[in-house]
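Each remark here refers to the structure printed beneath this line.
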Amino acid sequence: MKASVLIIEDVRELAELVSMYLAKEGMDTVLCETAEEALELLKTKTFDLVVLDLNLPGMDGFEFLSLFRKEYATPVLIMSARDADEDIIAGLGGGADEFVTKPFSPRVFAARVRALVRRSQETVVPQAENTIRFGDYVLYENTCILKKGSERVALSAKEYAVLDYLVHNAGKPILPEVIYNNVWQNNYGDLSAVAVYIQRLRKKLEDDPAFPVYIETVFGMGYRFNLDGHPKSKNSGAK
């Protein structure tokens with residue numbers, strides 16, 4: 001089974017052992033020893049599954065899971081020596097899809113990984129309908145995927161939501177307040193988050209983020225998305 005798995009485990013020997021199990025299943029793995037390192041990696045790379053330890057240096061697994069679930073729907077399998085009912089309930093209640101206690105059977109572990117990966121891959125198969133094209137990009141609305149040519153562009157859930165809102169309002173300037181109210185819906189964050197996510201999207205979409213052609217700043221009026229990649233304003237530098 002072809003898949004990409006992120007393993008977050010600070011005990012190197014165990015991480016490499018898990019990686020070996022999964023390699024036998026045909027899966028590619030990336031190892032991170034801290035939650036902070038993993039969160040930084042997730043800004044640029046997508047995975048079919050995250051394998052997460054709870055006892056990590058710095059940010060622990062529960063904190064990571066809470067932040068991760070605000071942005072990503074990727075399945076998470078917790079593997080931990082913490083086997084108390086409270087820990088298992090907290091892990092599953094916090095958004096994990098599976099909880100495997102250490103030590104574990106390699107065969108059972110691999111079977112659970114296969115099941116989660118299969119579920120993940122079944123929900124991300126691009127469909128022909130409900131696509132929006134701009135430049136070399138295709139936005140698959142059924143599955144919340146953005147591709148450039150044949151390559152998938154790594155987007156967090158919130159990045160996708162901002163992009164989808166801009167695309168559906170292409171051609172007209174939209175105030176940051178309007179974007180925030182429609183995308184965040186006042187659940188968390190603040191208005192400054194809009195500019196942060198615009199900059200993130202520009203780094204992923206634009207050839208030169210300093211002079212964006214898709215997400216244009218219209219001074220005093222907000223942001224305008226150009227499906228044709230041609231800015232409408234004379235000065236289209238990023239702000």
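Following the order of the structure tokens, chains are lettered A, B, ..., residues in each are numbered from 1, and ligands are numbered from 1.
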
Could you make a table, as a tab-separated table, of the residues of stretch 53-163 of chain A that have an atom within 10 Å of an atom of stretch 208-216 of chain A, each with its nearest atom pair and distance in Å to one decimal, counting only C-alpha atoms, in chain and number order?
residue	atom	partner	partner_atom	distance
A:Phe134	CA	A:Tyr214	CA	8.5
A:Gly135	CA	A:Tyr214	CA	9.0
A:Leu163	CA	A:Ile215	CA	9.2

Write out as a ChimeraX atom specification all residues of stretch 105-174 of chain A that backbone DSSP assigns to alpha helix (DSSP H). /A:106-122,157-168

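Using only C-alpha atoms, the residues found no farther than 6 Å from stretch 141-148 of chain A, other than those of its own chain fewer than 5 positions away, are Val124, Asn130, Thr131, Asp136 and Val153 of chain A.
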
Polymer residues at most 12 Å from A:Glu33, only C-alpha atoms, same-chain spacing of 2 or more positions, as a PDB file with N, CA, C and O atoms, in the first residue's frame:
ATOM      1  N   LEU A   6       3.809  10.343   8.649  1.00  0.00           N
ATOM      2  CA  LEU A   6       4.637  11.147   9.532  1.00  0.00           C
ATOM      3  C   LEU A   6       4.669  10.476  10.898  1.00  0.00           C
ATOM      4  O   LEU A   6       3.620  10.239  11.506  1.00  0.00           O
ATOM      5  N   ILE A   7       5.862  10.180  11.394  1.00  0.00           N
ATOM      6  CA  ILE A   7       6.030   9.555  12.700  1.00  0.00           C
ATOM      7  C   ILE A   7       6.637  10.581  13.652  1.00  0.00           C
ATOM      8  O   ILE A   7       7.733  11.094  13.411  1.00  0.00           O
ATOM      9  N   ILE A   8       5.926  10.888  14.742  1.00  0.00           N
ATOM     10  CA  ILE A   8       6.405  11.855  15.735  1.00  0.00           C
ATOM     11  C   ILE A   8       6.727  11.075  17.000  1.00  0.00           C
ATOM     12  O   ILE A   8       5.831  10.698  17.769  1.00  0.00           O
ATOM     13  N   GLU A   9       7.990  10.817  17.203  1.00  0.00           N
ATOM     14  CA  GLU A   9       8.450   9.948  18.296  1.00  0.00           C
ATOM     15  C   GLU A   9       9.882  10.358  18.647  1.00  0.00           C
ATOM     16  O   GLU A   9      10.745  10.409  17.771  1.00  0.00           O
ATOM     17  N   ASP A  10      10.134  10.655  19.922  1.00  0.00           N
ATOM     18  CA  ASP A  10      11.458  11.134  20.313  1.00  0.00           C
ATOM     19  C   ASP A  10      12.451  10.020  20.602  1.00  0.00           C
ATOM     20  O   ASP A  10      13.651  10.272  20.684  1.00  0.00           O
ATOM     21  N   VAL A  11      11.985   8.779  20.758  1.00  0.00           N
ATOM     22  CA  VAL A  11      12.900   7.646  20.942  1.00  0.00           C
ATOM     23  C   VAL A  11      13.284   7.147  19.551  1.00  0.00           C
ATOM     24  O   VAL A  11      12.468   6.497  18.874  1.00  0.00           O
ATOM     25  N   ARG A  12      14.478   7.466  19.140  1.00  0.00           N
ATOM     26  CA  ARG A  12      14.898   7.210  17.762  1.00  0.00           C
ATOM     27  C   ARG A  12      14.794   5.739  17.376  1.00  0.00           C
ATOM     28  O   ARG A  12      14.349   5.399  16.280  1.00  0.00           O
ATOM     29  N   GLU A  13      15.202   4.865  18.294  1.00  0.00           N
ATOM     30  CA  GLU A  13      15.189   3.435  17.976  1.00  0.00           C
ATOM     31  C   GLU A  13      13.765   2.949  17.686  1.00  0.00           C
ATOM     32  O   GLU A  13      13.542   2.174  16.740  1.00  0.00           O
ATOM     33  N   LEU A  14      12.802   3.409  18.488  1.00  0.00           N
ATOM     34  CA  LEU A  14      11.417   3.002  18.270  1.00  0.00           C
ATOM     35  C   LEU A  14      10.882   3.594  16.969  1.00  0.00           C
ATOM     36  O   LEU A  14      10.181   2.912  16.206  1.00  0.00           O
ATOM     37  N   ALA A  15      11.193   4.853  16.718  1.00  0.00           N
ATOM     38  CA  ALA A  15      10.733   5.496  15.487  1.00  0.00           C
ATOM     39  C   ALA A  15      11.256   4.753  14.262  1.00  0.00           C
ATOM     40  O   ALA A  15      10.521   4.535  13.292  1.00  0.00           O
ATOM     41  N   GLU A  16      12.514   4.353  14.312  1.00  0.00           N
ATOM     42  CA  GLU A  16      13.100   3.633  13.177  1.00  0.00           C
ATOM     43  C   GLU A  16      12.501   2.238  13.049  1.00  0.00           C
ATOM     44  O   GLU A  16      12.341   1.723  11.930  1.00  0.00           O
ATOM     45  N   VAL A  30       8.440   9.735   7.316  1.00  0.00           N
ATOM     46  CA  VAL A  30       9.286  10.856   7.721  1.00  0.00           C
ATOM     47  C   VAL A  30       9.254  10.893   9.241  1.00  0.00           C
ATOM     48  O   VAL A  30       8.179  10.801   9.851  1.00  0.00           O
ATOM     49  N   LEU A  31      10.428  11.037   9.869  1.00  0.00           N
ATOM     50  CA  LEU A  31      10.521  11.002  11.320  1.00  0.00           C
ATOM     51  C   LEU A  31      10.747  12.399  11.882  1.00  0.00           C
ATOM     52  O   LEU A  31      11.597  13.148  11.386  1.00  0.00           O
ATOM     53  N   ALA A  35       7.120  17.760  18.484  1.00  0.00           N
ATOM     54  CA  ALA A  35       5.869  18.255  17.898  1.00  0.00           C
ATOM     55  C   ALA A  35       6.122  19.548  17.136  1.00  0.00           C
ATOM     56  O   ALA A  35       5.518  19.784  16.082  1.00  0.00           O
ATOM     57  N   GLU A  36       7.001  20.382  17.662  1.00  0.00           N
ATOM     58  CA  GLU A  36       7.305  21.649  17.009  1.00  0.00           C
ATOM     59  C   GLU A  36       7.890  21.421  15.614  1.00  0.00           C
ATOM     60  O   GLU A  36       7.515  22.102  14.652  1.00  0.00           O
ATOM     61  N   GLU A  37       8.798  20.468  15.507  1.00  0.00           N
ATOM     62  CA  GLU A  37       9.392  20.130  14.214  1.00  0.00           C
ATOM     63  C   GLU A  37       8.326  19.621  13.247  1.00  0.00           C
ATOM     64  O   GLU A  37       8.310  19.970  12.064  1.00  0.00           O
ATOM     65  N   ALA A  38       7.412  18.810  13.754  1.00  0.00           N
ATOM     66  CA  ALA A  38       6.350  18.254  12.915  1.00  0.00           C
ATOM     67  C   ALA A  38       5.414  19.339  12.399  1.00  0.00           C
ATOM     68  O   ALA A  38       5.033  19.348  11.228  1.00  0.00           O
ATOM     69  N   LEU A  39       5.025  20.282  13.263  1.00  0.00           N
ATOM     70  CA  LEU A  39       4.124  21.355  12.850  1.00  0.00           C
ATOM     71  C   LEU A  39       4.763  22.219  11.764  1.00  0.00           C
ATOM     72  O   LEU A  39       4.077  22.670  10.834  1.00  0.00           O
ATOM     73  N   LEU A  41       7.023  21.161   9.577  1.00  0.00           N
ATOM     74  CA  LEU A  41       7.053  20.331   8.370  1.00  0.00           C
ATOM     75  C   LEU A  41       5.689  20.290   7.689  1.00  0.00           C
ATOM     76  O   LEU A  41       5.591  20.308   6.453  1.00  0.00           O
ATOM     77  N   VAL A  51       1.507   9.247  12.932  1.00  0.00           N
ATOM     78  CA  VAL A  51       1.698   8.366  14.080  1.00  0.00           C
ATOM     79  C   VAL A  51       2.314   9.218  15.186  1.00  0.00           C
ATOM     80  O   VAL A  51       3.389   9.796  15.008  1.00  0.00           O
ATOM     81  N   LEU A  52       1.640   9.305  16.322  1.00  0.00           N
ATOM     82  CA  LEU A  52       1.981  10.291  17.344  1.00  0.00           C
ATOM     83  C   LEU A  52       2.238   9.652  18.699  1.00  0.00           C
ATOM     84  O   LEU A  52       1.397   8.920  19.220  1.00  0.00           O
ATOM     85  N   ASP A  53       3.400   9.969  19.285  1.00  0.00           N
ATOM     86  CA  ASP A  53       3.668   9.617  20.679  1.00  0.00           C
ATOM     87  C   ASP A  53       3.138  10.737  21.558  1.00  0.00           C
ATOM     88  O   ASP A  53       3.025  11.886  21.118  1.00  0.00           O
ATOM     89  N   LEU A  54       2.803  10.430  22.801  1.00  0.00           N
ATOM     90  CA  LEU A  54       2.286  11.454  23.708  1.00  0.00           C
ATOM     91  C   LEU A  54       3.380  12.124  24.526  1.00  0.00           C
ATOM     92  O   LEU A  54       3.363  13.333  24.748  1.00  0.00           O
ATOM     93  N   ASN A  55       4.356  11.340  24.987  1.00  0.00           N
ATOM     94  CA  ASN A  55       5.426  11.877  25.824  1.00  0.00           C
ATOM     95  C   ASN A  55       6.554  12.409  24.946  1.00  0.00           C
ATOM     96  O   ASN A  55       7.486  11.692  24.587  1.00  0.00           O
ATOM     97  N   LEU A  56       6.442  13.675  24.604  1.00  0.00           N
ATOM     98  CA  LEU A  56       7.421  14.311  23.734  1.00  0.00           C
ATOM     99  C   LEU A  56       8.116  15.444  24.477  1.00  0.00           C
ATOM    100  O   LEU A  56       7.524  16.055  25.357  1.00  0.00           O
ATOM    101  N   PRO A  57       9.361  15.750  24.128  1.00  0.00           N
ATOM    102  CA  PRO A  57      10.017  16.914  24.736  1.00  0.00           C
ATOM    103  C   PRO A  57       9.370  18.198  24.235  1.00  0.00           C
ATOM    104  O   PRO A  57       8.917  18.274  23.092  1.00  0.00           O
ATOM    105  N   GLY A  58       9.277  19.207  25.087  1.00  0.00           N
ATOM    106  CA  GLY A  58       8.606  20.435  24.679  1.00  0.00           C
ATOM    107  C   GLY A  58       7.100  20.221  24.656  1.00  0.00           C
ATOM    108  O   GLY A  58       6.506  19.723  25.606  1.00  0.00           O
ATOM    109  N   MET A  59       6.467  20.565  23.538  1.00  0.00           N
ATOM    110  CA  MET A  59       5.032  20.357  23.378  1.00  0.00           C
ATOM    111  C   MET A  59       4.712  18.866  23.407  1.00  0.00           C
ATOM    112  O   MET A  59       5.322  18.085  22.676  1.00  0.00           O
ATOM    113  N   ASP A  60       3.745  18.451  24.243  1.00  0.00           N
ATOM    114  CA  ASP A  60       3.432  17.020  24.297  1.00  0.00           C
ATOM    115  C   ASP A  60       2.419  16.640  23.208  1.00  0.00           C
ATOM    116  O   ASP A  60       1.934  17.492  22.459  1.00  0.00           O
ATOM    117  N   GLY A  61       2.114  15.358  23.134  1.00  0.00           N
ATOM    118  CA  GLY A  61       1.242  14.863  22.079  1.00  0.00           C
ATOM    119  C   GLY A  61      -0.166  15.418  22.127  1.00  0.00           C
ATOM    120  O   GLY A  61      -0.786  15.665  21.088  1.00  0.00           O
TER     121      GLY A  61
END

Just how far from atom CA of A:Ser156 is atom CA of A:Ile88, in Å to one decimal? 26.2 Å

Residues within 7 Å of stretch 177-187 of chain A, only C-alpha atoms, excluding chain neighbours under 5 positions, as an MDAnalysis selection string: chainID A and resid 161:162 194

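In this comparison, which uses only C-alpha atoms, the residue of A:Ala90, A:Leu175, A:Leu166, A:Ala23 approaching A:Phe219 most closely is A:Leu175.
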
A:Pro103 surroundings by only C-alpha atoms, 12 Å radius, close-in-sequence under 5 positions cut, as number ranges by chain: A: 14, 18, 79-83, 108-109

If you keep all heavy atoms, can you produce a file of those selected residues as an mmCIF file, in the first residue's frame?
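Resulting contents of again.cif:
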data_model
loop_
_atom_site.group_PDB
_atom_site.id
_atom_site.type_symbol
_atom_site.label_atom_id
_atom_site.label_comp_id
_atom_site.auth_asym_id
_atom_site.auth_seq_id
_atom_site.Cartn_x
_atom_site.Cartn_y
_atom_site.Cartn_z
ATOM 1 N N LEU A 14 12.802 3.409 18.488
ATOM 2 C CA LEU A 14 11.417 3.002 18.270
ATOM 3 C C LEU A 14 10.882 3.594 16.969
ATOM 4 O O LEU A 14 10.181 2.912 16.206
ATOM 5 C CB LEU A 14 10.544 3.425 19.453
ATOM 6 C CG LEU A 14 9.053 3.094 19.326
ATOM 7 C CD1 LEU A 14 8.835 1.599 19.120
ATOM 8 C CD2 LEU A 14 8.296 3.578 20.564
ATOM 9 N N VAL A 18 9.357 1.399 13.898
ATOM 10 C CA VAL A 18 8.038 1.614 13.298
ATOM 11 C C VAL A 18 8.180 1.913 11.812
ATOM 12 O O VAL A 18 7.411 1.412 10.979
ATOM 13 C CB VAL A 18 7.299 2.774 14.013
ATOM 14 C CG1 VAL A 18 6.042 3.161 13.250
ATOM 15 C CG2 VAL A 18 6.952 2.368 15.430
ATOM 16 N N MET A 79 0.462 6.216 19.491
ATOM 17 C CA MET A 79 1.117 5.036 20.066
ATOM 18 C C MET A 79 1.823 5.507 21.328
ATOM 19 O O MET A 79 2.648 6.412 21.293
ATOM 20 C CB MET A 79 2.097 4.389 19.082
ATOM 21 C CG MET A 79 3.225 5.259 18.599
ATOM 22 S SD MET A 79 4.390 4.332 17.584
ATOM 23 C CE MET A 79 5.720 5.551 17.433
ATOM 24 N N SER A 80 1.458 4.927 22.458
ATOM 25 C CA SER A 80 1.954 5.454 23.726
ATOM 26 C C SER A 80 2.026 4.361 24.781
ATOM 27 O O SER A 80 1.259 3.400 24.752
ATOM 28 C CB SER A 80 1.032 6.575 24.217
ATOM 29 O OG SER A 80 1.441 7.052 25.479
ATOM 30 N N ALA A 81 2.975 4.528 25.718
ATOM 31 C CA ALA A 81 3.056 3.638 26.872
ATOM 32 C C ALA A 81 2.017 4.005 27.925
ATOM 33 O O ALA A 81 1.781 3.246 28.868
ATOM 34 C CB ALA A 81 4.460 3.706 27.474
ATOM 35 N N ARG A 82 1.384 5.154 27.759
ATOM 36 C CA ARG A 82 0.349 5.599 28.694
ATOM 37 C C ARG A 82 -0.950 4.861 28.359
ATOM 38 O O ARG A 82 -1.591 5.132 27.350
ATOM 39 C CB ARG A 82 0.177 7.111 28.599
ATOM 40 C CG ARG A 82 1.434 7.850 29.000
ATOM 41 C CD ARG A 82 1.434 9.315 28.596
ATOM 42 N NE ARG A 82 0.402 10.093 29.252
ATOM 43 C CZ ARG A 82 0.378 11.428 29.271
ATOM 44 N NH1 ARG A 82 1.336 12.116 28.670
ATOM 45 N NH2 ARG A 82 -0.593 12.070 29.881
ATOM 46 N N ASP A 83 -1.327 3.924 29.213
ATOM 47 C CA ASP A 83 -2.477 3.077 28.908
ATOM 48 C C ASP A 83 -3.656 3.286 29.856
ATOM 49 O O ASP A 83 -4.600 2.488 29.871
ATOM 50 C CB ASP A 83 -2.072 1.601 28.913
ATOM 51 C CG ASP A 83 -1.481 1.151 30.244
ATOM 52 O OD1 ASP A 83 -1.367 2.001 31.166
ATOM 53 O OD2 ASP A 83 -1.135 -0.037 30.367
ATOM 54 N N VAL A 108 -0.429 -6.325 14.264
ATOM 55 C CA VAL A 108 -1.657 -5.596 14.604
ATOM 56 C C VAL A 108 -1.481 -4.112 14.313
ATOM 57 O O VAL A 108 -2.371 -3.457 13.769
ATOM 58 C CB VAL A 108 -2.027 -5.817 16.091
ATOM 59 C CG1 VAL A 108 -3.180 -4.911 16.492
ATOM 60 C CG2 VAL A 108 -2.392 -7.282 16.324
ATOM 61 N N PHE A 109 -0.302 -3.575 14.649
ATOM 62 C CA PHE A 109 -0.014 -2.168 14.384
ATOM 63 C C PHE A 109 -0.122 -1.886 12.889
ATOM 64 O O PHE A 109 -0.769 -0.914 12.469
ATOM 65 C CB PHE A 109 1.384 -1.822 14.886
ATOM 66 C CG PHE A 109 1.794 -0.401 14.632
ATOM 67 C CD1 PHE A 109 1.389 0.617 15.480
ATOM 68 C CD2 PHE A 109 2.577 -0.082 13.539
ATOM 69 C CE1 PHE A 109 1.762 1.927 15.240
ATOM 70 C CE2 PHE A 109 2.954 1.222 13.292
ATOM 71 C CZ PHE A 109 2.542 2.228 14.146
#
